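Next up, model_3.cif (mmCIF, C-alpha atoms):
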```cif
data_work
#
loop_
_atom_site.group_PDB
_atom_site.id
_atom_site.type_symbol
_atom_site.label_atom_id
_atom_site.label_comp_id
_atom_site.auth_asym_id
_atom_site.auth_seq_id
_atom_site.Cartn_x
_atom_site.Cartn_y
_atom_site.Cartn_z
ATOM 1 C CA MET Q 1 -6.860 -123.983 20.600
ATOM 2 C CA LYS Q 2 -9.990 -123.158 22.565
ATOM 3 C CA GLN Q 3 -9.581 -122.590 26.290
ATOM 4 C CA HIS Q 4 -12.658 -123.630 28.216
ATOM 5 C CA MET Q 5 -14.043 -121.279 30.855
ATOM 6 C CA VAL Q 6 -16.477 -121.844 33.686
ATOM 7 C CA ASP Q 7 -17.894 -120.059 36.715
ATOM 8 C CA LEU Q 8 -18.135 -121.836 40.082
ATOM 9 C CA VAL Q 9 -21.241 -121.090 42.159
ATOM 10 C CA ALA Q 10 -22.762 -122.383 45.398
ATOM 11 C CA ASP Q 11 -25.767 -121.673 47.588
ATOM 12 C CA LEU Q 12 -24.790 -119.527 50.581
ATOM 13 C CA GLY Q 13 -26.474 -117.856 53.536
ATOM 14 C CA GLU Q 14 -28.820 -120.776 54.090
ATOM 15 C CA GLY Q 15 -28.936 -120.623 57.860
ATOM 16 C CA PHE Q 16 -31.637 -118.964 59.948
ATOM 17 C CA GLY Q 17 -31.252 -117.224 63.284
ATOM 18 C CA ALA Q 18 -28.925 -119.280 65.477
ATOM 19 C CA TYR Q 19 -28.847 -122.151 62.965
ATOM 20 C CA THR Q 20 -26.163 -122.484 60.314
ATOM 21 C CA MET Q 21 -25.821 -124.746 57.284
ATOM 22 C CA GLY Q 22 -22.512 -125.437 55.589
ATOM 23 C CA ASP Q 23 -19.184 -123.620 55.872
ATOM 24 C CA ASP Q 24 -19.716 -120.536 53.736
ATOM 25 C CA GLU Q 25 -16.387 -118.978 54.684
ATOM 26 C CA ALA Q 26 -14.403 -121.992 53.501
ATOM 27 C CA LEU Q 27 -16.463 -122.327 50.315
ATOM 28 C CA LEU Q 28 -15.789 -118.717 49.352
ATOM 29 C CA ASP Q 29 -12.153 -119.678 48.684
ATOM 30 C CA VAL Q 30 -13.374 -121.814 45.771
ATOM 31 C CA LEU Q 31 -16.171 -119.730 44.229
ATOM 32 C CA THR Q 32 -16.519 -116.947 41.705
ATOM 33 C CA SER Q 33 -20.297 -116.544 42.285
ATOM 34 C CA ALA Q 34 -22.777 -117.107 45.119
ATOM 35 C CA ASN Q 35 -26.527 -117.779 45.229
ATOM 36 C CA ILE Q 36 -27.658 -116.071 48.441
ATOM 37 C CA ALA Q 37 -30.853 -117.119 50.207
ATOM 38 C CA CYS Q 38 -33.325 -114.244 50.394
ATOM 39 C CA GLY Q 39 -35.350 -115.151 53.477
ATOM 40 C CA PHE Q 40 -38.110 -117.369 52.074
ATOM 41 C CA HIS Q 41 -36.467 -120.819 52.369
ATOM 42 C CA ALA Q 42 -33.524 -119.739 54.517
ATOM 43 C CA GLY Q 43 -31.605 -116.645 55.490
ATOM 44 C CA ASP Q 44 -32.577 -113.640 57.564
ATOM 45 C CA PRO Q 45 -31.512 -109.974 57.526
ATOM 46 C CA ARG Q 46 -28.373 -110.581 59.609
ATOM 47 C CA ILE Q 47 -27.294 -113.580 57.555
ATOM 48 C CA MET Q 48 -27.998 -111.824 54.247
ATOM 49 C CA ASP Q 49 -25.990 -108.793 55.379
ATOM 50 C CA ALA Q 50 -23.025 -110.872 56.545
ATOM 51 C CA THR Q 51 -23.039 -113.105 53.452
ATOM 52 C CA VAL Q 52 -23.011 -110.167 51.049
ATOM 53 C CA ARG Q 53 -20.232 -108.530 53.061
ATOM 54 C CA HIS Q 54 -18.109 -111.694 52.940
ATOM 55 C CA CYS Q 55 -18.689 -112.043 49.182
ATOM 56 C CA VAL Q 56 -17.535 -108.490 48.556
ATOM 57 C CA ARG Q 57 -14.406 -108.979 50.648
ATOM 58 C CA ARG Q 58 -13.529 -112.174 48.781
ATOM 59 C CA GLY Q 59 -14.339 -110.963 45.267
ATOM 60 C CA VAL Q 60 -17.301 -113.308 44.758
ATOM 61 C CA ALA Q 61 -20.252 -112.087 42.666
ATOM 62 C CA VAL Q 62 -23.574 -111.791 44.500
ATOM 63 C CA GLY Q 63 -26.696 -113.523 43.148
ATOM 64 C CA ALA Q 64 -30.249 -113.893 44.451
ATOM 65 C CA HIS Q 65 -31.625 -117.338 45.329
ATOM 66 C CA PRO Q 66 -35.422 -116.871 45.473
ATOM 67 C CA SER Q 67 -37.696 -119.663 46.651
ATOM 68 C CA PHE Q 68 -41.213 -120.630 47.493
ATOM 69 C CA PRO Q 69 -42.227 -119.155 50.894
ATOM 70 C CA ASP Q 70 -41.392 -122.410 52.674
ATOM 71 C CA LEU Q 71 -39.030 -121.837 55.594
ATOM 72 C CA VAL Q 72 -40.079 -125.036 57.377
ATOM 73 C CA GLY Q 73 -39.547 -127.204 54.295
ATOM 74 C CA PHE Q 74 -36.401 -125.405 53.111
ATOM 75 C CA GLY Q 75 -38.142 -124.536 49.863
ATOM 76 C CA ARG Q 76 -38.228 -128.158 48.738
ATOM 77 C CA ARG Q 77 -41.993 -128.709 48.953
ATOM 78 C CA ALA Q 78 -44.409 -128.076 46.102
ATOM 79 C CA MET Q 79 -46.769 -125.160 46.732
ATOM 80 C CA ASP Q 80 -49.868 -124.285 44.747
ATOM 81 C CA LEU Q 81 -48.956 -120.687 43.960
ATOM 82 C CA THR Q 82 -50.343 -118.685 41.070
ATOM 83 C CA PRO Q 83 -47.896 -117.410 38.466
ATOM 84 C CA ASP Q 84 -48.484 -113.866 39.730
ATOM 85 C CA GLU Q 85 -47.558 -114.970 43.248
ATOM 86 C CA VAL Q 86 -44.368 -116.483 41.860
ATOM 87 C CA ARG Q 87 -43.605 -113.246 40.014
ATOM 88 C CA THR Q 88 -44.205 -110.959 43.001
ATOM 89 C CA ASP Q 89 -42.455 -113.281 45.467
ATOM 90 C CA THR Q 90 -39.426 -113.311 43.160
ATOM 91 C CA LEU Q 91 -39.417 -109.511 42.926
ATOM 92 C CA TYR Q 92 -39.730 -109.217 46.698
ATOM 93 C CA GLN Q 93 -36.758 -111.471 47.371
ATOM 94 C CA ILE Q 94 -34.450 -109.920 44.790
ATOM 95 C CA GLY Q 95 -35.356 -106.502 46.152
ATOM 96 C CA ALA Q 96 -34.436 -107.536 49.677
ATOM 97 C CA LEU Q 97 -31.022 -108.780 48.597
ATOM 98 C CA ARG Q 98 -30.443 -105.666 46.481
ATOM 99 C CA ALA Q 99 -30.799 -103.549 49.612
ATOM 100 C CA PHE Q 100 -27.896 -105.351 51.258
ATOM 101 C CA ALA Q 101 -25.868 -105.302 48.034
ATOM 102 C CA THR Q 102 -26.303 -101.541 47.784
ATOM 103 C CA ALA Q 103 -25.324 -101.122 51.432
ATOM 104 C CA HIS Q 104 -22.066 -102.954 50.683
ATOM 105 C CA HIS Q 105 -21.370 -100.998 47.472
ATOM 106 C CA THR Q 106 -22.022 -103.845 45.074
ATOM 107 C CA GLN Q 107 -24.963 -105.148 43.061
ATOM 108 C CA VAL Q 108 -26.897 -108.338 42.488
ATOM 109 C CA ARG Q 109 -25.521 -109.954 39.340
ATOM 110 C CA HIS Q 110 -27.773 -112.967 38.766
ATOM 111 C CA VAL Q 111 -30.938 -114.774 39.836
ATOM 112 C CA ALA Q 112 -31.078 -118.530 40.488
ATOM 113 C CA PRO Q 113 -34.391 -120.045 41.677
ATOM 114 C CA HIS Q 114 -34.008 -122.478 44.566
ATOM 115 C CA GLY Q 115 -35.322 -125.934 45.407
ATOM 116 C CA ARG Q 116 -38.778 -126.935 44.262
ATOM 117 C CA LEU Q 117 -39.272 -123.619 42.476
ATOM 118 C CA GLY Q 118 -35.980 -124.199 40.664
ATOM 119 C CA ASN Q 119 -37.171 -127.622 39.538
ATOM 120 C CA LEU Q 120 -40.605 -126.445 38.406
ATOM 121 C CA VAL Q 121 -39.384 -123.492 36.341
ATOM 122 C CA ALA Q 122 -37.533 -125.983 34.150
ATOM 123 C CA THR Q 123 -40.790 -127.710 33.179
ATOM 124 C CA ARG Q 124 -43.673 -125.293 33.885
ATOM 125 C CA PRO Q 125 -43.828 -122.456 31.328
ATOM 126 C CA ASP Q 126 -46.184 -120.375 33.513
ATOM 127 C CA TYR Q 127 -43.777 -120.355 36.453
ATOM 128 C CA ALA Q 128 -40.811 -119.856 34.139
ATOM 129 C CA GLU Q 129 -42.462 -116.837 32.530
ATOM 130 C CA ALA Q 130 -43.324 -115.434 35.964
ATOM 131 C CA VAL Q 131 -39.685 -115.533 37.066
ATOM 132 C CA ALA Q 132 -38.453 -114.150 33.751
ATOM 133 C CA ASP Q 133 -41.035 -111.342 33.902
ATOM 134 C CA ALA Q 134 -39.891 -110.434 37.407
ATOM 135 C CA VAL Q 135 -36.265 -110.197 36.299
ATOM 136 C CA ALA Q 136 -37.040 -108.308 33.093
ATOM 137 C CA SER Q 137 -39.200 -105.756 34.892
ATOM 138 C CA LEU Q 138 -36.584 -105.092 37.566
ATOM 139 C CA ASP Q 139 -33.157 -105.142 35.932
ATOM 140 C CA ARG Q 140 -32.410 -106.457 32.468
ATOM 141 C CA SER Q 141 -28.704 -106.708 33.266
ATOM 142 C CA LEU Q 142 -29.391 -109.587 35.657
ATOM 143 C CA VAL Q 143 -28.297 -113.013 34.434
ATOM 144 C CA VAL Q 144 -30.806 -115.830 34.862
ATOM 145 C CA LEU Q 145 -29.213 -119.079 36.047
ATOM 146 C CA ALA Q 146 -31.096 -122.143 34.844
ATOM 147 C CA GLN Q 147 -30.823 -125.600 33.401
ATOM 148 C CA ASP Q 148 -31.907 -126.104 29.812
ATOM 149 C CA GLY Q 149 -35.688 -125.916 29.881
ATOM 150 C CA ALA Q 150 -38.632 -123.553 30.243
ATOM 151 C CA LEU Q 151 -36.888 -120.867 32.321
ATOM 152 C CA ALA Q 152 -33.948 -120.637 29.952
ATOM 153 C CA ASP Q 153 -36.404 -120.377 27.038
ATOM 154 C CA ALA Q 154 -38.492 -117.702 28.766
ATOM 155 C CA ALA Q 155 -35.420 -115.660 29.648
ATOM 156 C CA HIS Q 156 -34.050 -115.870 26.096
ATOM 157 C CA ALA Q 157 -37.463 -114.777 24.764
ATOM 158 C CA ARG Q 158 -37.138 -111.609 26.865
ATOM 159 C CA ASP Q 159 -33.562 -110.996 25.694
ATOM 160 C CA LEU Q 160 -32.165 -111.720 29.130
ATOM 161 C CA ARG Q 161 -28.746 -113.280 29.549
ATOM 162 C CA VAL Q 162 -28.833 -116.911 30.623
ATOM 163 C CA GLY Q 163 -26.159 -118.918 32.413
ATOM 164 C CA ILE Q 164 -26.666 -122.663 32.048
ATOM 165 C CA VAL Q 165 -25.992 -124.560 35.269
ATOM 166 C CA GLY Q 166 -24.227 -127.911 35.472
ATOM 167 C CA VAL Q 167 -24.845 -129.809 38.705
ATOM 168 C CA ALA Q 168 -21.776 -131.804 39.617
ATOM 169 C CA ASP Q 169 -23.208 -134.220 42.153
ATOM 170 C CA ARG Q 170 -26.702 -134.924 40.800
ATOM 171 C CA ALA Q 171 -27.789 -137.696 38.466
ATOM 172 C CA TYR Q 172 -29.333 -136.699 35.124
ATOM 173 C CA ARG Q 173 -32.169 -138.434 33.316
ATOM 174 C CA ASP Q 174 -32.014 -139.053 29.578
ATOM 175 C CA ASP Q 175 -34.288 -136.036 28.990
ATOM 176 C CA GLY Q 176 -31.836 -133.701 30.722
ATOM 177 C CA THR Q 177 -33.784 -133.254 33.956
ATOM 178 C CA LEU Q 178 -32.318 -134.139 37.329
ATOM 179 C CA VAL Q 179 -33.345 -137.350 39.035
ATOM 180 C CA PRO Q 180 -35.633 -136.282 41.934
ATOM 181 C CA ARG Q 181 -34.054 -136.472 45.377
ATOM 182 C CA SER Q 182 -36.841 -138.851 46.407
ATOM 183 C CA GLU Q 183 -35.464 -141.527 44.053
ATOM 184 C CA PRO Q 184 -32.437 -143.777 44.700
ATOM 185 C CA GLY Q 185 -29.197 -142.578 43.122
ATOM 186 C CA ALA Q 186 -30.334 -138.968 42.744
ATOM 187 C CA VAL Q 187 -27.238 -137.674 44.546
ATOM 188 C CA ILE Q 188 -23.769 -138.902 43.594
ATOM 189 C CA HIS Q 189 -21.399 -139.319 46.529
ATOM 190 C CA ASP Q 190 -18.145 -140.633 45.045
ATOM 191 C CA PRO Q 191 -15.680 -137.675 44.884
ATOM 192 C CA GLY Q 192 -13.749 -139.097 41.943
ATOM 193 C CA GLU Q 193 -16.889 -139.631 39.910
ATOM 194 C CA ILE Q 194 -18.175 -136.146 40.695
ATOM 195 C CA ALA Q 195 -14.893 -134.515 39.685
ATOM 196 C CA GLU Q 196 -14.693 -136.568 36.477
ATOM 197 C CA ARG Q 197 -18.293 -135.694 35.547
ATOM 198 C CA THR Q 198 -17.606 -132.007 36.137
ATOM 199 C CA VAL Q 199 -14.539 -131.945 33.915
ATOM 200 C CA ARG Q 200 -16.447 -133.740 31.135
ATOM 201 C CA MET Q 201 -19.365 -131.300 31.379
ATOM 202 C CA VAL Q 202 -17.040 -128.333 31.003
ATOM 203 C CA THR Q 203 -14.510 -129.659 28.467
ATOM 204 C CA GLU Q 204 -16.586 -132.122 26.407
ATOM 205 C CA GLY Q 205 -20.094 -130.724 26.871
ATOM 206 C CA VAL Q 206 -21.608 -134.062 27.888
ATOM 207 C CA VAL Q 207 -22.812 -135.825 31.035
ATOM 208 C CA ARG Q 208 -23.480 -139.555 31.507
ATOM 209 C CA THR Q 209 -27.144 -140.154 32.335
ATOM 210 C CA VAL Q 210 -28.724 -142.843 34.508
ATOM 211 C CA GLY Q 211 -29.739 -144.471 31.227
ATOM 212 C CA GLY Q 212 -26.088 -144.827 30.241
ATOM 213 C CA ARG Q 213 -25.999 -142.290 27.410
ATOM 214 C CA ASP Q 214 -23.801 -139.237 26.982
ATOM 215 C CA LEU Q 215 -26.216 -136.310 27.083
ATOM 216 C CA PRO Q 216 -25.110 -133.036 25.436
ATOM 217 C CA VAL Q 217 -25.146 -130.237 28.025
ATOM 218 C CA GLU Q 218 -24.049 -126.650 28.190
ATOM 219 C CA CYS Q 219 -22.231 -125.609 31.322
ATOM 220 C CA ASP Q 220 -21.539 -121.938 31.961
ATOM 221 C CA THR Q 221 -21.390 -122.420 35.722
ATOM 222 C CA VAL Q 222 -20.935 -125.451 37.952
ATOM 223 C CA LEU Q 223 -23.091 -125.666 41.069
ATOM 224 C CA LEU Q 224 -21.108 -126.861 44.069
ATOM 225 C CA HIS Q 225 -22.570 -127.801 47.441
ATOM 226 C CA GLY Q 226 -21.214 -126.907 50.872
ATOM 227 C CA ASP Q 227 -23.718 -128.597 53.182
ATOM 228 C CA THR Q 228 -22.771 -132.276 52.853
ATOM 229 C CA PRO Q 229 -19.957 -134.256 54.545
ATOM 230 C CA GLY Q 230 -16.637 -133.604 52.841
ATOM 231 C CA ALA Q 231 -18.153 -130.862 50.677
ATOM 232 C CA ILE Q 232 -15.315 -128.371 51.090
ATOM 233 C CA THR Q 233 -12.646 -130.940 50.266
ATOM 234 C CA LEU Q 234 -14.683 -131.995 47.220
ATOM 235 C CA ALA Q 235 -15.116 -128.387 46.058
ATOM 236 C CA HIS Q 236 -11.350 -127.863 46.185
ATOM 237 C CA ARG Q 237 -10.787 -131.103 44.297
ATOM 238 C CA ILE Q 238 -13.218 -130.091 41.546
ATOM 239 C CA ARG Q 239 -11.487 -126.738 41.195
ATOM 240 C CA ARG Q 240 -8.038 -128.358 41.048
ATOM 241 C CA GLU Q 241 -9.071 -130.905 38.429
ATOM 242 C CA LEU Q 242 -10.703 -128.261 36.257
ATOM 243 C CA LEU Q 243 -7.523 -126.186 36.372
ATOM 244 C CA ALA Q 244 -5.423 -129.275 35.625
ATOM 245 C CA ALA Q 245 -7.610 -129.885 32.557
ATOM 246 C CA GLY Q 246 -6.754 -126.391 31.301
ATOM 247 C CA VAL Q 247 -10.069 -124.798 32.275
ATOM 248 C CA ARG Q 248 -10.080 -121.153 33.265
ATOM 249 C CA ILE Q 249 -12.153 -120.429 36.386
ATOM 250 C CA ALA Q 250 -13.734 -117.042 35.734
ATOM 251 C CA PRO Q 251 -16.657 -114.819 36.742
ATOM 252 C CA LEU Q 252 -19.938 -115.697 35.055
ATOM 253 C CA THR Q 253 -20.091 -112.454 33.091
ATOM 254 C CA ASP Q 254 -16.655 -113.205 31.612
ATOM 255 C CA VAL Q 255 -17.793 -116.704 30.657
ATOM 256 C CA LEU Q 256 -20.923 -115.391 28.945
ATOM 257 C CA ASP Q 257 -19.022 -112.586 27.200
ATOM 258 C CA ALA Q 258 -16.558 -115.103 25.754
ATOM 259 C CA LYS Q 259 -19.411 -117.375 24.693
ATOM 260 C CA ALA Q 260 -21.190 -114.522 22.924
ATOM 261 C CA ARG Q 261 -17.994 -113.452 21.211
ATOM 262 C CA GLU Q 262 -17.347 -116.966 19.977
ATOM 263 C CA ALA Q 263 -20.912 -117.271 18.677
ATOM 264 C CA THR Q 264 -20.677 -114.055 16.667
ATOM 265 C CA THR Q 265 -17.054 -114.022 15.512
ATOM 266 C CA GLY Q 266 -15.638 -117.487 16.104
ATOM 267 C CA ASP Q 267 -13.038 -115.944 18.432
ATOM 268 C CA THR Q 268 -12.249 -118.523 21.139
ATOM 269 C CA ARG Q 269 -9.841 -116.339 23.100
ATOM 270 C CA THR Q 270 -10.681 -115.819 26.767
ATOM 271 C CA GLY Q 271 -8.530 -112.839 27.604
ATOM 272 C CA ASP Q 272 -5.265 -113.745 29.345
ATOM 273 C CA ALA Q 273 -4.484 -117.214 28.079
ATOM 274 C CA ASN Q 274 -2.149 -117.763 31.035
ATOM 275 C CA ALA Q 275 -4.813 -116.915 33.598
ATOM 276 C CA GLY Q 276 -6.267 -120.198 34.770
ATOM 277 C CA ASP Q 277 -7.949 -118.692 37.791
ATOM 278 C CA ALA Q 278 -9.782 -115.416 38.164
ATOM 279 C CA LYS Q 279 -12.101 -113.744 40.624
ATOM 280 C CA THR Q 280 -14.338 -110.816 39.985
ATOM 281 C CA GLY Q 281 -14.177 -107.436 41.608
ATOM 282 C CA VAL Q 282 -17.771 -106.872 42.581
ATOM 283 C CA SER Q 283 -17.723 -103.335 43.887
ATOM 284 C CA ALA Q 284 -19.867 -100.978 41.864
#
```
So, in terms of structure tokens, how does the structure I just supplied come out?
Amino acid sequence: MKQHMVDLVADLGEGFGAYTMGDDEALLDVLTSANIACGFHAGDPRIMDATVRHCVRRGVAVGAHPSFPDLVGFGRRAMDLTPDEVRTDTLYQIGALRAFATAHHTQVRHVAPHGRLGNLVATRPDYAEAVADAVASLDRSLVVLAQDGALADAAHARDLRVGIVGVADRAYRDDGTLVPRSEPGAVIHDPGEIAERTVRMVTEGVVRTVGGRDLPVECDTVLLHGDTPGAITLAHRIRRELLAAGVRIAPLTDVLDAKAREATTGDTRTGDANAGDAKTGVSA
């Protein structure tokens, strides 16, 4: 019998200066991976340093969360950048985070575009190719986190590893894109519904859309949020219900390794069948 596996990831380090957002310390108890802000939409050198240090201490894999250069708008505003600006901005931000990772004897494991950039790379091939080119030119071992769409396609075309992201508390359209935050019902607030949707994404490979259909989705990692009321309690509930459904919580690289093995050999084993919960050692 196949045991399902999934990584749990959240956006961390999204404060700036004296301002904080979310309870990163509490969220680290739930996660196996972290998307860390790299200074363009949030984060600064002190926050990046502290966030990487906390991830290493807690066995959570470090990932870069590059954005448009939009500190005032938290990276959620559209900007008319050229593809080359997207490519070089992405390189710049990953490089900054890699400095702190090296200082703490670990490495950046994945790249997950943030906010408006993250939305556009799903539908704009030029931006998707710019991000994929940045990753491929820097470190081909980096995993690209994306939804199904242009970025996933561009990364696959460059033989990069891709982790498909399931978003637990966002509504999906029938075409697989997320309902924009500007529209009613874009964010789901009911904890029971969010937990149920997450378990279905991971164990059944489907999500119910706003159009009422069950949309096939892949889900290598579930994106949790820590900056909304009750977010920490909800994150723990999602983790508990996944474990109760027989899902193994595991580092992203383990999830992708098992997926690749199954695709090539049909082997559905995930290592220790009794291990429902695992964290990664991220020291180099």
Which residues would end up in the selection if the PyMOL selection byres ((chain Q and resi 203) around 9) were applied here, given that I need the answer as a PDB file with C-alpha atoms, in the frame of the given file?
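Listing of part.pdb after writing:
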```
ATOM      1  CA  GLN Q   3      -9.581-122.590  26.290  1.00  0.00           C
ATOM      2  CA  HIS Q   4     -12.658-123.630  28.216  1.00  0.00           C
ATOM      3  CA  MET Q   5     -14.043-121.279  30.855  1.00  0.00           C
ATOM      4  CA  THR Q 198     -17.606-132.007  36.137  1.00  0.00           C
ATOM      5  CA  VAL Q 199     -14.539-131.945  33.915  1.00  0.00           C
ATOM      6  CA  ARG Q 200     -16.447-133.740  31.135  1.00  0.00           C
ATOM      7  CA  MET Q 201     -19.365-131.300  31.379  1.00  0.00           C
ATOM      8  CA  VAL Q 202     -17.040-128.333  31.003  1.00  0.00           C
ATOM      9  CA  GLU Q 204     -16.586-132.122  26.407  1.00  0.00           C
ATOM     10  CA  GLY Q 205     -20.094-130.724  26.871  1.00  0.00           C
ATOM     11  CA  VAL Q 206     -21.608-134.062  27.888  1.00  0.00           C
ATOM     12  CA  LEU Q 242     -10.703-128.261  36.257  1.00  0.00           C
ATOM     13  CA  ALA Q 245      -7.610-129.885  32.557  1.00  0.00           C
ATOM     14  CA  GLY Q 246      -6.754-126.391  31.301  1.00  0.00           C
ATOM     15  CA  VAL Q 247     -10.069-124.798  32.275  1.00  0.00           C
TER      16      VAL Q 247
END
```
- request: Quick one: everything within 12 Å of Tyr92 in chain Q, counting all atoms listed in the file, minus sequence neighbours fewer than 2 positions away in the same chain. Send it as a list of chain:residue names.
  value: Q:Cys38, Q:Gly39, Q:Phe40, Q:Ala64, Q:His65, Q:Pro66, Q:Ser67, Q:Phe68, Q:Pro69, Q:Glu85, Q:Val86, Q:Arg87, Q:Thr88, Q:Asp89, Q:Thr90, Q:Ile94, Q:Gly95, Q:Ala96, Q:Leu97, Q:Arg98, Q:Ala99, Q:Val131, Q:Ala134, Q:Val135, Q:Leu138
All residues 12 Å or closer to Gln107 in chain Q, only C-alpha atoms, same chain fewer than 4 positions away omitted, as a tab-separated table (two decimals) with C-alpha atoms, in the coordinates of the input:
```
chain	number	residue	atom	x	y	z
Q	52	VAL	CA	-23.01	-110.17	51.05
Q	53	ARG	CA	-20.23	-108.53	53.06
Q	55	CYS	CA	-18.69	-112.04	49.18
Q	56	VAL	CA	-17.54	-108.49	48.56
Q	60	VAL	CA	-17.30	-113.31	44.76
Q	61	ALA	CA	-20.25	-112.09	42.67
Q	62	VAL	CA	-23.57	-111.79	44.50
Q	63	GLY	CA	-26.70	-113.52	43.15
Q	64	ALA	CA	-30.25	-113.89	44.45
Q	94	ILE	CA	-34.45	-109.92	44.79
Q	95	GLY	CA	-35.36	-106.50	46.15
Q	96	ALA	CA	-34.44	-107.54	49.68
Q	97	LEU	CA	-31.02	-108.78	48.60
Q	98	ARG	CA	-30.44	-105.67	46.48
Q	99	ALA	CA	-30.80	-103.55	49.61
Q	100	PHE	CA	-27.90	-105.35	51.26
Q	101	ALA	CA	-25.87	-105.30	48.03
Q	102	THR	CA	-26.30	-101.54	47.78
Q	103	ALA	CA	-25.32	-101.12	51.43
Q	111	VAL	CA	-30.94	-114.77	39.84
Q	139	ASP	CA	-33.16	-105.14	35.93
Q	141	SER	CA	-28.70	-106.71	33.27
Q	142	LEU	CA	-29.39	-109.59	35.66
Q	281	GLY	CA	-14.18	-107.44	41.61
Q	282	VAL	CA	-17.77	-106.87	42.58
Q	283	SER	CA	-17.72	-103.34	43.89
Q	284	ALA	CA	-19.87	-100.98	41.86
```
message: What's around Gly163 in chain Q at 8 Å? Count only C-alpha atoms, leave out sequence neighbours fewer than 4 positions away in its own chain, and write the answer as an NGL selection string.
response: :Q and (143-146 or 219-221 or 252 or 256)
message: Report as a PyMOL selection string all protein, DNA and RNA residues lying within 8 Å of Leu31 in chain Q, evaluated on all atoms listed in the file, omitting residues in the same chain fewer than 2 positions from it.
response: chain Q and resi 7-10+27-29+33-34+60
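The interatomic distance for the pair CA of Ala168 in chain Q and CA of Asp254 in chain Q works out to 20.9 Å.
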Around all listed atoms of range 24-40 of chain Q, padded 6 Å per side, what centre and edge lengths does the axis-aligned box have in Å to one decimal, as AutoDock Vina command-line options?
```
--center_x -25.1 --center_y -118.3 --center_z 48.2 --size_x 38.0 --size_y 20.1 --size_z 25.0
```
- request: Can you turn the PyMOL selection byres ((chain Q and resi 51) around 9) into a concrete residue list for this file, as a list in words?
  value: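 Selected by the PyMOL selection byres ((chain Q and resi 51) around 9) here: Leu12, Gly13, Asp24, Glu25, Ile36, Arg46, Ile47, Met48, Asp49, Ala50, Val52, Arg53, His54, Cys55 and Val56 of chain Q.
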Residue with smallest distance to Thr233 in chain Q - pool Q:Ala155, Q:Leu117, Q:Ala195, Q:Ala130, counting only C-alpha atoms: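 Of the candidates, the smallest distance to Thr233 in chain Q is held by Q:Ala195.
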- request: Evaluate the PyMOL selection byres ((chain Q and resi 116) around 8) and record the selected residues as a PyMOL selection string, following the chain and residue labels used in the document.
  value: chain Q and resi 67-68+75-78+114-115+117-120
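Interatomic distance, CA of Glu262 in chain Q to CA of Ala152 in chain Q: 19.7 Å.
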message: Can you measure CA of Thr209 in chain Q to CA of Leu223 in chain Q for me? One decimal in Å is fine.
response: 17.4 Å
message: Between Q:Pro180, Q:Pro45, Q:Pro216, Q:Gly192, which residue has the minimum interatomic distance to Arg237 in chain Q, considering only C-alpha atoms?
response: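 With only C-alpha atoms as the atom set, the closest residue is Q:Gly192.
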- request: Just the residues within 9 Å of Asp23 in chain Q, please, counting all atoms listed in the file, with nothing from its chain fewer than 6 positions along; format it as a VMD selection string.
  value: chain Q and resid 12 226 to 227 231 to 232
task: Compare Q:Tyr127, Q:Ile194, Q:His225, Q:Val162 by their minimum atom-to-atom distance to Leu81 in chain Q, counting all atoms listed in the file, and give me the closest one.
output: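 Ranking Q:Tyr127, Q:Ile194, Q:His225, Q:Val162 by distance to Leu81 in chain Q, first place goes to Q:Tyr127.
With distances restricted to all atoms listed in the file, Q:Gly59 is the closest residue to Thr106 in chain Q from Q:Phe16, Q:Phe74, Q:Gly59, Q:Ile238.
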message: Given all atoms listed in the file as the basis, pick out the residue of Q:Glu129, Q:Asp169, Q:Asp84, Q:Glu193 nearest to Gly149 in chain Q.
response: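 Comparing Q:Glu129, Q:Asp169, Q:Asp84, Q:Glu193 against Gly149 in chain Q, the winner is Q:Glu129.
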- request: Go through Q:Pro125, Q:Gly211, Q:Pro251, Q:Gly22 one by one, measure the shortest atom-to-atom distance of each to Gly230 in chain Q using all atoms listed in the file, and give the residue with the smallest value.
  value: Q:Gly22
